[in-house]
$ cat entry.cif   # mmCIF, C-alpha atoms and all ligand atoms
data_final
loop_
_atom_site.group_PDB
_atom_site.id
_atom_site.type_symbol
_atom_site.label_atom_id
_atom_site.label_comp_id
_atom_site.auth_asym_id
_atom_site.auth_seq_id
_atom_site.Cartn_x
_atom_site.Cartn_y
_atom_site.Cartn_z
ATOM 1 C CA MET C 1 -9.165 9.554 5.821
ATOM 2 C CA TYR C 2 -7.940 6.255 7.191
ATOM 3 C CA GLY C 3 -11.268 5.508 8.853
ATOM 4 C CA LEU C 4 -12.931 2.139 8.370
ATOM 5 C CA GLN C 5 -15.511 2.490 11.155
ATOM 6 C CA ASP C 6 -18.707 0.584 10.273
ATOM 7 C CA LYS C 7 -17.449 -0.363 6.828
ATOM 8 C CA VAL C 8 -18.802 -3.749 5.760
ATOM 9 C CA VAL C 9 -15.876 -5.955 4.792
ATOM 10 C CA ILE C 10 -15.440 -9.454 3.359
ATOM 11 C CA VAL C 11 -12.070 -11.164 3.928
ATOM 12 C CA THR C 12 -11.411 -14.590 2.395
ATOM 13 C CA GLY C 13 -8.779 -16.950 3.726
ATOM 14 C CA ALA C 14 -9.730 -15.637 7.179
ATOM 15 C CA ALA C 15 -8.961 -18.931 8.935
ATOM 16 C CA SER C 16 -5.193 -18.455 8.791
ATOM 17 C CA GLY C 17 -2.182 -16.276 8.077
ATOM 18 C CA ILE C 18 -2.690 -13.004 6.219
ATOM 19 C CA GLY C 19 -6.482 -13.396 6.061
ATOM 20 C CA ARG C 20 -6.859 -13.996 9.807
ATOM 21 C CA GLU C 21 -4.596 -11.067 10.663
ATOM 22 C CA SER C 22 -6.481 -8.844 8.213
ATOM 23 C CA ALA C 23 -9.929 -9.850 9.499
ATOM 24 C CA LEU C 24 -8.796 -8.973 13.038
ATOM 25 C CA ALA C 25 -7.186 -5.702 11.893
ATOM 26 C CA PHE C 26 -10.314 -4.584 10.013
ATOM 27 C CA ALA C 27 -12.398 -5.448 13.095
ATOM 28 C CA ARG C 28 -10.037 -3.457 15.356
ATOM 29 C CA ALA C 29 -10.526 -0.516 12.968
ATOM 30 C CA GLY C 30 -14.277 -0.706 13.662
ATOM 31 C CA ALA C 31 -15.351 -2.481 10.480
ATOM 32 C CA ARG C 32 -18.089 -5.117 10.346
ATOM 33 C CA VAL C 33 -16.142 -8.086 9.116
ATOM 34 C CA PHE C 34 -17.321 -11.262 7.383
ATOM 35 C CA GLY C 35 -14.502 -13.804 7.254
ATOM 36 C CA GLY C 36 -14.788 -16.660 4.770
ATOM 37 C CA ASP C 37 -12.694 -19.811 4.478
ATOM 38 C CA ARG C 38 -13.084 -23.526 3.779
ATOM 39 C CA ASP C 39 -11.478 -24.347 7.149
ATOM 40 C CA ALA C 40 -14.230 -24.220 9.784
ATOM 41 C CA GLU C 41 -11.875 -24.924 12.695
ATOM 42 C CA GLY C 42 -9.503 -22.167 11.643
ATOM 43 C CA LEU C 43 -12.418 -19.760 11.334
ATOM 44 C CA ALA C 44 -13.559 -20.681 14.847
ATOM 45 C CA GLU C 45 -10.035 -19.885 16.114
ATOM 46 C CA THR C 46 -10.064 -16.520 14.312
ATOM 47 C CA ARG C 47 -13.412 -15.786 15.949
ATOM 48 C CA ARG C 48 -12.037 -16.849 19.332
ATOM 49 C CA GLN C 49 -9.097 -14.461 18.911
ATOM 50 C CA ALA C 50 -11.510 -11.677 17.941
ATOM 51 C CA SER C 51 -13.669 -12.272 21.039
ATOM 52 C CA ALA C 52 -10.549 -12.288 23.225
ATOM 53 C CA GLN C 53 -9.826 -8.787 21.891
ATOM 54 C CA GLY C 54 -13.440 -7.693 22.454
ATOM 55 C CA LEU C 55 -14.184 -7.692 18.712
ATOM 56 C CA ARG C 56 -17.125 -9.060 16.763
ATOM 57 C CA LEU C 57 -16.524 -11.114 13.660
ATOM 58 C CA ASN C 58 -18.903 -13.059 11.430
ATOM 59 C CA VAL C 59 -17.546 -16.191 9.815
ATOM 60 C CA SER C 60 -18.764 -18.470 7.013
ATOM 61 C CA THR C 61 -17.330 -21.593 5.501
ATOM 62 C CA LEU C 62 -17.035 -21.523 1.731
ATOM 63 C CA ASP C 63 -14.928 -22.778 -1.127
ATOM 64 C CA VAL C 64 -13.817 -19.664 -3.004
ATOM 65 C CA SER C 65 -13.499 -21.627 -6.248
ATOM 66 C CA LEU C 66 -17.246 -22.378 -6.344
ATOM 67 C CA PRO C 67 -19.630 -19.759 -7.771
ATOM 68 C CA ASN C 68 -22.584 -20.742 -5.559
ATOM 69 C CA ASP C 69 -20.495 -20.440 -2.383
ATOM 70 C CA VAL C 70 -19.085 -17.054 -3.344
ATOM 71 C CA GLU C 71 -22.491 -15.703 -4.364
ATOM 72 C CA ALA C 72 -24.022 -17.008 -1.119
ATOM 73 C CA LEU C 73 -21.475 -15.152 1.038
ATOM 74 C CA VAL C 74 -22.157 -11.841 -0.729
ATOM 75 C CA ALA C 75 -25.914 -12.457 -0.409
ATOM 76 C CA GLU C 76 -25.515 -13.185 3.322
ATOM 77 C CA VAL C 77 -23.612 -9.928 3.817
ATOM 78 C CA LEU C 78 -26.272 -7.949 1.944
ATOM 79 C CA ARG C 79 -29.069 -9.635 3.930
ATOM 80 C CA SER C 80 -27.348 -8.846 7.200
ATOM 81 C CA GLU C 81 -25.888 -5.365 6.548
ATOM 82 C CA GLY C 82 -27.643 -4.118 3.405
ATOM 83 C CA ARG C 83 -24.322 -3.091 1.853
ATOM 84 C CA LEU C 84 -20.799 -4.136 0.968
ATOM 85 C CA ASP C 85 -17.935 -1.630 1.131
ATOM 86 C CA VAL C 86 -14.700 -3.637 0.998
ATOM 87 C CA ALA C 87 -13.642 -7.076 -0.223
ATOM 88 C CA PHE C 88 -10.232 -8.626 0.362
ATOM 89 C CA ASN C 89 -9.987 -11.646 -1.962
ATOM 90 C CA ASN C 90 -7.087 -13.346 -0.276
ATOM 91 C CA ALA C 91 -7.602 -17.133 0.024
ATOM 92 C CA GLY C 92 -5.000 -19.115 -1.844
ATOM 93 C CA ILE C 93 -2.832 -22.225 -2.060
ATOM 94 C CA THR C 94 0.699 -22.784 -3.381
ATOM 95 C CA GLY C 95 0.275 -26.204 -4.990
ATOM 96 C CA GLY C 96 3.147 -28.630 -5.298
ATOM 97 C CA ALA C 97 6.664 -27.901 -6.548
ATOM 98 C CA HIS C 98 7.363 -29.727 -9.825
ATOM 99 C CA ARG C 99 8.947 -28.900 -13.147
ATOM 100 C CA ILE C 100 6.334 -28.163 -15.805
ATOM 101 C CA GLU C 101 6.851 -31.500 -17.517
ATOM 102 C CA ASP C 102 6.094 -33.263 -14.214
ATOM 103 C CA TYR C 103 3.287 -30.974 -12.999
ATOM 104 C CA PRO C 104 0.090 -33.018 -12.528
ATOM 105 C CA VAL C 105 -2.665 -31.525 -14.688
ATOM 106 C CA ASP C 106 -5.337 -31.816 -11.981
ATOM 107 C CA ASP C 107 -3.090 -30.021 -9.493
ATOM 108 C CA PHE C 108 -2.477 -27.232 -12.008
ATOM 109 C CA ASP C 109 -6.232 -26.795 -12.498
ATOM 110 C CA ARG C 110 -6.870 -26.778 -8.737
ATOM 111 C CA VAL C 111 -4.290 -24.039 -8.076
ATOM 112 C CA LEU C 112 -5.754 -21.924 -10.885
ATOM 113 C CA ALA C 113 -9.279 -22.475 -9.521
ATOM 114 C CA VAL C 114 -8.435 -21.550 -5.927
ATOM 115 C CA ASN C 115 -6.126 -18.621 -6.692
ATOM 116 C CA LEU C 116 -7.468 -17.099 -9.916
ATOM 117 C CA ARG C 117 -11.009 -18.290 -10.652
ATOM 118 C CA SER C 118 -11.800 -17.338 -7.048
ATOM 119 C CA VAL C 119 -10.763 -13.720 -7.634
ATOM 120 C CA PHE C 120 -12.886 -13.560 -10.789
ATOM 121 C CA LEU C 121 -15.856 -15.062 -8.899
ATOM 122 C CA GLY C 122 -15.349 -12.779 -5.914
ATOM 123 C CA MET C 123 -15.399 -9.656 -8.043
ATOM 124 C CA LYS C 124 -18.263 -10.966 -10.206
ATOM 125 C CA PHE C 125 -20.568 -10.938 -7.180
ATOM 126 C CA GLN C 126 -18.944 -8.183 -5.108
ATOM 127 C CA ILE C 127 -19.055 -5.498 -7.815
ATOM 128 C CA PRO C 128 -22.868 -5.465 -8.233
ATOM 129 C CA ALA C 129 -23.249 -5.447 -4.434
ATOM 130 C CA MET C 130 -20.892 -2.457 -4.109
ATOM 131 C CA LEU C 131 -22.610 -0.594 -6.950
ATOM 132 C CA GLN C 132 -25.913 -0.881 -5.044
ATOM 133 C CA SER C 133 -24.435 0.961 -2.080
ATOM 134 C CA GLY C 134 -22.450 3.639 -3.901
ATOM 135 C CA GLY C 135 -19.040 2.053 -4.503
ATOM 136 C CA GLY C 136 -16.244 0.478 -2.542
ATOM 137 C CA ALA C 137 -12.769 -0.992 -2.638
ATOM 138 C CA ILE C 138 -11.558 -4.435 -3.686
ATOM 139 C CA ILE C 139 -8.124 -5.783 -2.840
ATOM 140 C CA ASN C 140 -6.854 -9.025 -4.364
ATOM 141 C CA THR C 141 -3.886 -10.963 -3.041
ATOM 142 C CA ALA C 142 -1.304 -11.631 -5.715
ATOM 143 C CA SER C 143 2.324 -12.421 -4.836
ATOM 144 C CA VAL C 144 5.876 -11.578 -5.844
ATOM 145 C CA ALA C 145 5.300 -14.670 -8.015
ATOM 146 C CA ALA C 146 3.177 -12.317 -10.172
ATOM 147 C CA LEU C 147 6.476 -10.639 -11.148
ATOM 148 C CA THR C 148 8.949 -13.505 -11.050
ATOM 149 C CA GLY C 149 9.313 -17.128 -12.199
ATOM 150 C CA PRO C 150 9.961 -19.309 -9.169
ATOM 151 C CA GLY C 151 11.069 -22.663 -10.573
ATOM 152 C CA GLY C 152 8.720 -25.514 -9.764
ATOM 153 C CA MET C 153 5.767 -23.224 -9.153
ATOM 154 C CA SER C 154 4.259 -22.830 -12.612
ATOM 155 C CA ALA C 155 0.638 -23.051 -11.472
ATOM 156 C CA TYR C 156 1.155 -20.627 -8.594
ATOM 157 C CA ALA C 157 3.055 -18.074 -10.694
ATOM 158 C CA ALA C 158 0.534 -18.323 -13.535
ATOM 159 C CA SER C 159 -2.359 -17.853 -11.126
ATOM 160 C CA LYS C 160 -0.777 -14.812 -9.488
ATOM 161 C CA HIS C 161 0.214 -13.205 -12.819
ATOM 162 C CA GLY C 162 -3.450 -13.737 -13.673
ATOM 163 C CA VAL C 163 -4.585 -11.989 -10.486
ATOM 164 C CA GLN C 164 -2.682 -8.895 -11.593
ATOM 165 C CA GLY C 165 -4.376 -9.006 -15.008
ATOM 166 C CA LEU C 166 -7.849 -9.441 -13.504
ATOM 167 C CA THR C 167 -7.142 -6.608 -11.064
ATOM 168 C CA ARG C 168 -6.211 -4.240 -13.889
ATOM 169 C CA VAL C 169 -9.283 -5.115 -15.949
ATOM 170 C CA ALA C 170 -11.621 -4.786 -12.962
ATOM 171 C CA ALA C 171 -10.004 -1.447 -12.063
ATOM 172 C CA MET C 172 -10.446 -0.174 -15.618
ATOM 173 C CA GLU C 173 -14.093 -1.265 -15.745
ATOM 174 C CA ASN C 174 -14.996 0.216 -12.367
ATOM 175 C CA ALA C 175 -12.842 3.302 -11.715
ATOM 176 C CA ALA C 176 -15.565 5.658 -12.979
ATOM 177 C CA ARG C 177 -18.236 3.742 -11.042
ATOM 178 C CA GLY C 178 -16.686 4.405 -7.629
ATOM 179 C CA ILE C 179 -15.037 1.038 -7.050
ATOM 180 C CA ARG C 180 -11.265 0.999 -6.661
ATOM 181 C CA VAL C 181 -9.596 -2.333 -7.389
ATOM 182 C CA ASN C 182 -5.984 -3.012 -6.425
ATOM 183 C CA ALA C 183 -3.768 -5.970 -5.588
ATOM 184 C CA ILE C 184 -1.118 -6.663 -2.981
ATOM 185 C CA ALA C 185 1.953 -8.714 -3.871
ATOM 186 C CA PRO C 186 3.350 -9.989 -0.583
ATOM 187 C CA GLY C 187 6.859 -11.318 -0.445
ATOM 188 C CA TRP C 188 8.008 -13.907 2.069
ATOM 189 C CA THR C 189 5.416 -13.705 4.849
ATOM 190 C CA GLU C 190 5.499 -15.887 7.977
ATOM 191 C CA THR C 191 2.251 -17.866 7.748
ATOM 192 C CA PRO C 192 1.413 -21.581 7.821
ATOM 193 C CA MET C 193 1.540 -21.550 3.995
ATOM 194 C CA VAL C 194 5.177 -20.485 4.055
ATOM 195 C CA ALA C 195 6.061 -22.972 6.773
ATOM 196 C CA ALA C 196 4.632 -25.781 4.590
ATOM 197 C CA ASN C 197 6.351 -24.437 1.503
ATOM 198 C CA SER C 198 9.719 -24.230 3.291
ATOM 199 C CA ARG C 199 9.417 -27.864 4.334
ATOM 200 C CA GLN C 200 8.663 -28.839 0.739
ATOM 201 C CA ASN C 201 11.382 -26.704 -0.835
ATOM 202 C CA PRO C 202 14.064 -25.916 1.786
ATOM 203 C CA ARG C 203 16.684 -24.713 -0.716
ATOM 204 C CA PHE C 204 14.306 -22.149 -2.183
ATOM 205 C CA ALA C 205 13.310 -21.058 1.310
ATOM 206 C CA GLU C 206 16.924 -20.437 2.300
ATOM 207 C CA LEU C 207 17.690 -18.630 -0.938
ATOM 208 C CA ALA C 208 14.610 -16.462 -0.585
ATOM 209 C CA ARG C 209 15.485 -15.372 2.938
ATOM 210 C CA THR C 210 19.078 -14.454 2.175
ATOM 211 C CA ALA C 211 18.029 -12.631 -1.012
ATOM 212 C CA ILE C 212 15.598 -10.321 0.802
ATOM 213 C CA PRO C 213 17.257 -6.906 1.306
ATOM 214 C CA ALA C 214 15.419 -6.523 4.634
ATOM 215 C CA LYS C 215 16.980 -9.894 5.681
ATOM 216 C CA ARG C 216 13.753 -10.996 7.269
ATOM 217 C CA SER C 217 10.336 -12.214 6.323
ATOM 218 C CA ALA C 218 7.197 -10.113 6.752
ATOM 219 C CA GLY C 219 4.731 -10.637 9.556
ATOM 220 C CA PRO C 220 1.148 -11.167 8.345
ATOM 221 C CA GLY C 221 0.203 -7.939 10.144
ATOM 222 C CA GLU C 222 2.422 -5.984 7.729
ATOM 223 C CA ILE C 223 0.381 -7.280 4.797
ATOM 224 C CA ALA C 224 -2.873 -6.648 6.677
ATOM 225 C CA ALA C 225 -1.808 -3.023 7.255
ATOM 226 C CA THR C 226 -1.386 -2.599 3.499
ATOM 227 C CA ALA C 227 -4.855 -4.045 2.871
ATOM 228 C CA LEU C 228 -6.389 -1.621 5.370
ATOM 229 C CA TRP C 229 -4.653 1.335 3.734
ATOM 230 C CA LEU C 230 -5.784 0.282 0.243
ATOM 231 C CA ALA C 231 -9.337 -0.138 1.569
ATOM 232 C CA SER C 232 -9.382 3.322 3.143
ATOM 233 C CA ASP C 233 -9.999 6.744 1.616
ATOM 234 C CA ALA C 234 -6.310 7.486 2.206
ATOM 235 C CA ALA C 235 -5.783 5.465 -1.005
ATOM 236 C CA SER C 236 -8.616 7.215 -2.862
ATOM 237 C CA TYR C 237 -6.550 7.841 -6.022
ATOM 238 C CA VAL C 238 -4.806 4.459 -6.089
ATOM 239 C CA ILE C 239 -6.436 2.414 -8.830
ATOM 240 C CA GLY C 240 -5.423 -0.740 -10.680
ATOM 241 C CA GLN C 241 -2.068 -1.070 -8.934
ATOM 242 C CA MET C 242 -0.296 -4.080 -7.545
ATOM 243 C CA LEU C 243 1.463 -2.918 -4.415
ATOM 244 C CA VAL C 244 4.572 -5.001 -3.784
ATOM 245 C CA VAL C 245 5.209 -5.548 -0.054
ATOM 246 C CA ASP C 246 8.318 -7.687 -0.042
ATOM 247 C CA GLY C 247 11.123 -6.178 2.062
ATOM 248 C CA GLY C 248 12.823 -5.196 -1.193
ATOM 249 C CA MET C 249 12.948 -8.763 -2.578
ATOM 250 C CA THR C 250 12.122 -7.694 -6.145
ATOM 251 C CA ILE C 251 14.191 -4.498 -6.318
ATOM 252 C CA GLY C 252 16.788 -6.345 -8.364
ATOM 253 C CA GLY C 253 20.427 -5.283 -8.367
ATOM 254 C CA PHE C 254 22.661 -6.082 -5.394
ATOM 255 C CA GLU C 255 24.179 -4.615 -2.259
ATOM 256 C CA PRO C 256 27.374 -2.555 -2.628
HETATM 257 P P1 LIG F 1 -2.437 -19.577 4.725
HETATM 258 O O1 LIG F 1 -2.317 -20.972 4.221
HETATM 259 O O2 LIG F 1 -2.005 -19.266 6.100
HETATM 260 O O3 LIG F 1 -3.922 -19.052 4.519
HETATM 261 C C1 LIG F 1 -4.660 -19.308 3.339
HETATM 262 C C2 LIG F 1 -6.100 -19.552 3.727
HETATM 263 O O4 LIG F 1 -6.850 -19.773 2.515
HETATM 264 C C3 LIG F 1 -6.283 -20.796 4.610
HETATM 265 O O5 LIG F 1 -7.039 -20.475 5.757
HETATM 266 C C4 LIG F 1 -7.030 -21.762 3.707
HETATM 267 O O6 LIG F 1 -7.930 -22.623 4.415
HETATM 268 C C5 LIG F 1 -7.777 -20.810 2.792
HETATM 269 N N1 LIG F 1 -8.192 -21.480 1.566
HETATM 270 C C6 LIG F 1 -7.428 -22.250 0.755
HETATM 271 N N2 LIG F 1 -8.188 -22.732 -0.245
HETATM 272 C C7 LIG F 1 -9.448 -22.271 -0.057
HETATM 273 C C8 LIG F 1 -10.673 -22.428 -0.755
HETATM 274 N N3 LIG F 1 -10.764 -23.173 -1.866
HETATM 275 N N4 LIG F 1 -11.767 -21.791 -0.283
HETATM 276 C C9 LIG F 1 -11.693 -21.051 0.838
HETATM 277 N N5 LIG F 1 -10.580 -20.865 1.546
HETATM 278 C C10 LIG F 1 -9.458 -21.474 1.105
HETATM 279 O O7 LIG F 1 -1.626 -18.692 3.675
HETATM 280 P P2 LIG F 1 -1.256 -17.136 3.631
HETATM 281 O O8 LIG F 1 0.207 -17.073 3.530
HETATM 282 O O9 LIG F 1 -1.984 -16.362 4.668
HETATM 283 O O10 LIG F 1 -1.825 -16.791 2.175
HETATM 284 C C11 LIG F 1 -2.842 -15.840 1.932
HETATM 285 C C12 LIG F 1 -2.672 -15.322 0.527
HETATM 286 O O11 LIG F 1 -1.400 -14.660 0.427
HETATM 287 C C13 LIG F 1 -2.672 -16.406 -0.549
HETATM 288 O O12 LIG F 1 -3.378 -15.951 -1.685
HETATM 289 C C14 LIG F 1 -1.196 -16.550 -0.884
HETATM 290 O O13 LIG F 1 -0.984 -17.029 -2.192
HETATM 291 C C15 LIG F 1 -0.728 -15.132 -0.725
HETATM 292 N N6 LIG F 1 0.705 -14.983 -0.522
HETATM 293 C C16 LIG F 1 1.323 -15.451 0.601
HETATM 294 C C17 LIG F 1 2.686 -15.287 0.732
HETATM 295 C C18 LIG F 1 3.421 -15.765 1.935
HETATM 296 O O14 LIG F 1 4.665 -15.665 1.935
HETATM 297 N N7 LIG F 1 2.767 -16.238 2.965
HETATM 298 C C19 LIG F 1 3.424 -14.624 -0.261
HETATM 299 C C20 LIG F 1 2.763 -14.162 -1.370
HETATM 300 C C21 LIG F 1 1.399 -14.342 -1.493
#

$ encode --input "entry.cif" --output "structure tokens" --more "lines below"
Ligand code: NAD
Amino acid sequence: MYGLQDKVVIVTGAASGIGRESALAFARAGARVFGGDRDAEGLAETRRQASAQGLRLNVSTLDVSLPNDVEALVAEVLRSEGRLDVAFNNAGITGGAHRIEDYPVDDFDRVLAVNLRSVFLGMKFQIPAMLQSGGGAIINTASVAALTGPGGMSAYAASKHGVQGLTRVAAMENAARGIRVNAIAPGWTETPMVAANSRQNPRFAELARTAIPAKRSAGPGEIAATALWLASDAASYVIGQMLVVDGGMTIGGFEP
């Protein structure tokens, strides 16, 4: 039920953080993993870590906001394996922290392109590939910012709210065709992205940590574990959901 042996899997953002941890976790589960990222050095490090664990991992550099790059990765996977079973559309950026009136328009567009357009493009090319080989599972990385309004992060929150919308539409369009589409909304997860964000916005970082009921951040492996579950047949009736993995951050309410 939980088996992912020989499944053919694409993971984007595989050069760092949640994507790297997920690529390694899928590989440990026996899947044939294709990790994509724009950061060639980071991808090489992910591959090095895989080899050190006796795992095989294919890597490709791409910009997930560009249609030709995204299409080329899916085509490469089909050429090599003849099928695609799972896609984890996970690459993303936070963008700067500015009030809306100060938010640079080009920066807004870039965050939307990397975080939202990329998920649309991923699914646009992954869905036909999965239909060819009898279905599959797609997981998109949203964020708790898909449910909340973190001040200063208009582009990020808008992009992640959008990921939830795209996930629902894709799930609706494909549930009867054997493709399950879901999203994960991680909370505060210890990755290089969060380290950079904390430096940029230390007050928010401190607030976030103390507000988490679990009183700790997540490790990237805890998000990877959720992706593996959603990809597996153990989640066979989970469709169109955004699974919040946040140590209780968005429960609301307060401690007694
Ligand atoms: P990270 O910075 O460690 O990893 C993100 C990866 O995406 C990097 O390797 C980066 O090179 C890659 N990337 C960025 N732009 C790209 C592009 N245009 N094309 C290809 N690759 C690109 O960050 P992370 O924390 O692992 O984030 C992964 C995902 O999780 C993101 O979508 C992020 O928004 C989401 N997320 C993270 C947190 C957190 O607390 N870390 C919380 C909620 C959501």

$ residues_near_ligand --input "entry.cif" --ligand "ligand LIG 1 (chain F)" --cutoff "8 Å" --atoms "all atoms listed in the file" --output "PyMOL selection string"
chain C and resi 12-20+36-39+42-43+61-66+89-94+113-115+118+141-145+156+160+185-194+217-218+220

$ atom_distance --input "entry.cif" --atom1 "CA of Ala23 in chain C" --atom2 "CA of Leu166 in chain C"
23.1 Å

$ closest_residue --input "entry.cif" --among "C:Arg199, C:Arg117, C:Arg56, C:Arg83" --to "Gly162 in chain C" --atoms "only C-alpha atoms"
C:Arg117

$ residues_near_point --input "entry.cif" --point "(-14.6, -10.6, 9.4)" --cutoff "6 Å" --atoms "only C-alpha atoms" --output "mmCIF file with C-alpha atoms, keeping the file's coordinate frame"
data_model
loop_
_atom_site.group_PDB
_atom_site.id
_atom_site.type_symbol
_atom_site.label_atom_id
_atom_site.label_comp_id
_atom_site.auth_asym_id
_atom_site.auth_seq_id
_atom_site.Cartn_x
_atom_site.Cartn_y
_atom_site.Cartn_z
ATOM 1 C CA ALA C 23 -9.929 -9.850 9.499
ATOM 2 C CA VAL C 33 -16.142 -8.086 9.116
ATOM 3 C CA PHE C 34 -17.321 -11.262 7.383
ATOM 4 C CA GLY C 35 -14.502 -13.804 7.254
ATOM 5 C CA LEU C 57 -16.524 -11.114 13.660
ATOM 6 C CA ASN C 58 -18.903 -13.059 11.430
#

$ atom_distance --input "entry.cif" --atom1 "CA of Asp233 in chain C" --atom2 "CA of Gly165 in chain C"
23.6 Å

$ resolve_selection --input "entry.cif" --expression "the PyMOL selection byres (((chain C and resi 212) around 10) and not hetatm)" --output "PDB file with C-alpha atoms, in the coordinates of the input"
ATOM      1  CA  GLY C 187       6.859 -11.318  -0.445  1.00  0.00           C
ATOM      2  CA  TRP C 188       8.008 -13.907   2.069  1.00  0.00           C
ATOM      3  CA  LEU C 207      17.690 -18.630  -0.938  1.00  0.00           C
ATOM      4  CA  ALA C 208      14.610 -16.462  -0.585  1.00  0.00           C
ATOM      5  CA  ARG C 209      15.485 -15.372   2.938  1.00  0.00           C
ATOM      6  CA  THR C 210      19.078 -14.454   2.175  1.00  0.00           C
ATOM      7  CA  ALA C 211      18.029 -12.631  -1.012  1.00  0.00           C
ATOM      8  CA  PRO C 213      17.257  -6.906   1.306  1.00  0.00           C
ATOM      9  CA  ALA C 214      15.419  -6.523   4.634  1.00  0.00           C
ATOM     10  CA  LYS C 215      16.980  -9.894   5.681  1.00  0.00           C
ATOM     11  CA  ARG C 216      13.753 -10.996   7.269  1.00  0.00           C
ATOM     12  CA  SER C 217      10.336 -12.214   6.323  1.00  0.00           C
ATOM     13  CA  ASP C 246       8.318  -7.687  -0.042  1.00  0.00           C
ATOM     14  CA  GLY C 247      11.123  -6.178   2.062  1.00  0.00           C
ATOM     15  CA  GLY C 248      12.823  -5.196  -1.193  1.00  0.00           C
ATOM     16  CA  MET C 249      12.948  -8.763  -2.578  1.00  0.00           C
ATOM     17  CA  THR C 250      12.122  -7.694  -6.145  1.00  0.00           C
ATOM     18  CA  ILE C 251      14.191  -4.498  -6.318  1.00  0.00           C
TER      19      ILE C 251
END

$ residues_around --input "entry.cif" --residues "range 150-153 of chain C" --least-positions-apart "2" --cutoff "8 Å" --atoms "all atoms listed in the file" --output "mmCIF file with C-alpha atoms, in the coordinates of the input"
data_model
loop_
_atom_site.group_PDB
_atom_site.id
_atom_site.type_symbol
_atom_site.label_atom_id
_atom_site.label_comp_id
_atom_site.auth_asym_id
_atom_site.auth_seq_id
_atom_site.Cartn_x
_atom_site.Cartn_y
_atom_site.Cartn_z
ATOM 1 C CA THR C 94 0.699 -22.784 -3.381
ATOM 2 C CA GLY C 95 0.275 -26.204 -4.990
ATOM 3 C CA GLY C 96 3.147 -28.630 -5.298
ATOM 4 C CA ALA C 97 6.664 -27.901 -6.548
ATOM 5 C CA HIS C 98 7.363 -29.727 -9.825
ATOM 6 C CA ARG C 99 8.947 -28.900 -13.147
ATOM 7 C CA ILE C 100 6.334 -28.163 -15.805
ATOM 8 C CA ALA C 145 5.300 -14.670 -8.015
ATOM 9 C CA THR C 148 8.949 -13.505 -11.050
ATOM 10 C CA ALA C 155 0.638 -23.051 -11.472
ATOM 11 C CA TYR C 156 1.155 -20.627 -8.594
ATOM 12 C CA ALA C 157 3.055 -18.074 -10.694
#

$ residues_around --input "entry.cif" --residues "Ala44 in chain C" --least-positions-apart "4" --cutoff "8 Å" --atoms "only C-alpha atoms" --output "list in words"
Ala15, Ala40, Arg48 and Val59 of chain C

$ atom_distance --input "entry.cif" --atom1 "CA of Ala72 in chain C" --atom2 "CA of Ala146 in chain C"
29.0 Å

$ closest_residue --input "entry.cif" --among "C:Ala196, C:Ile223, C:Ile239, C:Leu228" --to "Arg180 in chain C" --atoms "only C-alpha atoms"
C:Ile239

$ resolve_selection --input "entry.cif" --expression "the PyMOL selection byres (((chain C and resi 230) around 9) and not hetatm)" --output "list in words"
Ala137, Ile138, Ile139, Arg180, Val181, Asn182, Ala183, Ile184, Ala225, Thr226, Ala227, Leu228, Trp229, Ala231, Ser232, Asp233, Ala234, Ala235, Ser236 and Val238 of chain C

$ resolve_selection --input "entry.cif" --expression "the PyMOL selection byres (((chain C and resi 9) around 8) and not hetatm)" --output "ChimeraX atom specification"
/C:7-8,10-11,26,31-34,84-88

$ residues_near_point --input "entry.cif" --point "(-9.2, -11.0, 16.7)" --cutoff "9 Å" --atoms "only C-alpha atoms" --output "list in words"
Arg20, Glu21, Ala23, Leu24, Ala25, Ala27, Arg28, Glu45, Thr46, Arg47, Arg48, Gln49, Ala50, Ser51, Ala52, Gln53, Gly54, Leu55, Arg56 and Leu57 of chain C

$ write_last_selection --input "entry.cif" --atoms "C-alpha atoms" --output "tab-separated table (two decimals), in the coordinates of the input"
chain	number	residue	atom	x	y	z
C	20	ARG	CA	-6.86	-14.00	9.81
C	21	GLU	CA	-4.60	-11.07	10.66
C	23	ALA	CA	-9.93	-9.85	9.50
C	24	LEU	CA	-8.80	-8.97	13.04
C	25	ALA	CA	-7.19	-5.70	11.89
C	27	ALA	CA	-12.40	-5.45	13.10
C	28	ARG	CA	-10.04	-3.46	15.36
C	45	GLU	CA	-10.04	-19.89	16.11
C	46	THR	CA	-10.06	-16.52	14.31
C	47	ARG	CA	-13.41	-15.79	15.95
C	48	ARG	CA	-12.04	-16.85	19.33
C	49	GLN	CA	-9.10	-14.46	18.91
C	50	ALA	CA	-11.51	-11.68	17.94
C	51	SER	CA	-13.67	-12.27	21.04
C	52	ALA	CA	-10.55	-12.29	23.22
C	53	GLN	CA	-9.83	-8.79	21.89
C	54	GLY	CA	-13.44	-7.69	22.45
C	55	LEU	CA	-14.18	-7.69	18.71
C	56	ARG	CA	-17.12	-9.06	16.76
C	57	LEU	CA	-16.52	-11.11	13.66

$ closest_residue --input "entry.cif" --among "C:Ala129, C:Leu116, C:Ala205, C:Val105" --to "Ala158 in chain C" --atoms "all atoms listed in the file"
C:Leu116

$ residues_around --input "entry.cif" --residues "Leu131 in chain C" --least-positions-apart "4" --cutoff "8 Å" --atoms "all atoms listed in the file" --output "NGL selection string"
:C and (127 or 135-136 or 177-179)

$ axis_aligned_box --input "entry.cif" --around "range 150-169 of chain C" --padding-each-side "5 Å" --output "JSON"
{"center_x": 0.9, "center_y": -14.9, "center_z": -12.3, "size_x": 30.4, "size_y": 31.3, "size_z": 17.4}

$ closest_residue --input "entry.cif" --among "C:Ala175, C:Leu147, C:Asp69, C:Val169" --to "Val244 in chain C" --atoms "all atoms listed in the file"
C:Leu147
